[in-house]
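Okay, so here's the structure we're looking at.
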Amino acid sequence: MSAPTKDDVLGVAQSWLDAGHRVAVGTVVKTWGSAPRPAGSQIAVRDDGTFAGSVSGGCVEGAVIEEAQVAIQDGRHRMLEFGVSDEQAWSAGLACGGRIEIFVEPVTE
């Protein structure tokens, strides 16, 4: 079996789990307006902050990675929403005029 490619987000997550890391996955579940990435886009985040994939083309990746690391620690999923009117989204860089909703969940084997 070959190693997962960088575009195979879930394959990368599985390889990290197999190597003993803890992992969370974020998935774009809903978009409105001019969203940077379509629903279904994913990001995998390792316990040390390494990540693969993208949920926003870079706009809010930092905030999602931080929340994913918290999810890894507390074992709880969370729903995140970013949009042009949210102060958090502006500080994270989502200035495209759309809104995105991202489900973040810790992954266990």
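Labels used: A, B, ... for chains in the order of the structure tokens, numbers from 1 for residues in each chain, and numbers from 1 for ligands as shown.
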- alpha helix (DSSP H) call set, DSSP backbone run, chain A, as a PyMOL selection string: chain A and resi 9-18+61-74+87-92
- Running DSSP on the backbone, which parts of chain A land in strand (DSSP E), as a PyMOL selection string? chain A and resi 23-32+42-46+51-53+78-83+99-107
Using only C-alpha atoms, please write the residues we just selected to a file, as a tab-separated table (two decimals), in the first residue's frame.
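Below you can see selection_17.tsv, which holds the result:
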```tsv
chain	number	residue	atom	x	y	z
A	23	VAL	CA	-5.68	13.85	15.40
A	24	ALA	CA	-8.73	16.01	14.74
A	25	VAL	CA	-10.46	16.59	11.41
A	26	GLY	CA	-12.32	19.72	10.34
A	27	THR	CA	-14.90	19.57	7.56
A	28	VAL	CA	-16.69	22.43	5.81
A	29	VAL	CA	-20.35	21.51	6.27
A	30	LYS	CA	-22.06	24.63	4.95
A	31	THR	CA	-21.18	27.71	2.95
A	32	TRP	CA	-23.02	30.93	2.13
A	42	GLN	CA	-11.29	19.01	4.99
A	43	ILE	CA	-8.29	19.68	7.17
A	44	ALA	CA	-6.54	17.15	9.41
A	45	VAL	CA	-4.66	18.50	12.42
A	46	ARG	CA	-2.08	16.59	14.41
A	51	PHE	CA	-1.87	19.96	9.34
A	52	ALA	CA	-2.89	18.70	5.92
A	53	GLY	CA	-5.69	19.98	3.70
A	78	ARG	CA	-17.38	21.66	17.97
A	79	MET	CA	-19.10	23.64	15.24
A	80	LEU	CA	-17.30	26.79	14.08
A	81	GLU	CA	-18.77	29.55	11.96
A	82	PHE	CA	-16.83	32.32	10.27
A	83	GLY	CA	-18.16	35.19	8.24
A	99	ARG	CA	-19.71	32.50	5.56
A	100	ILE	CA	-18.46	29.02	6.31
A	101	GLU	CA	-19.47	26.49	8.93
A	102	ILE	CA	-16.84	23.93	9.95
A	103	PHE	CA	-17.38	20.81	12.04
A	104	VAL	CA	-14.26	19.87	14.03
A	105	GLU	CA	-14.01	16.46	15.64
A	106	PRO	CA	-11.27	14.51	17.39
A	107	VAL	CA	-10.56	11.20	15.65
```
- For Asp7 in chain A, the nearest of the candidates A:Gly20, A:Ala35, A:Ser54, A:Asp48, counting only C-alpha atoms: A:Ser54
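Put simply, CA of Gly62 in chain A is 17.0 Å away from CA of Val9 in chain A.
Residue nearest Gln73 in chain A within the list A:Gly40, A:Gly33, A:Ser56, A:Arg22: A:Arg22 [criterion: smallest interatomic distance, only C-alpha atoms].
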- Query: What does the distance from CA of Gln69 in chain A to CA of Gly49 in chain A come to in Å, to one decimal?
  - Reply: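 One can read the CA of Gln69 in chain A to CA of Gly49 in chain A distance as 7.1 Å.
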- Query: CA of Arg37 in chain A and CA of Asp18 in chain A, how far apart in Å?
  - Reply: 28.4 Å
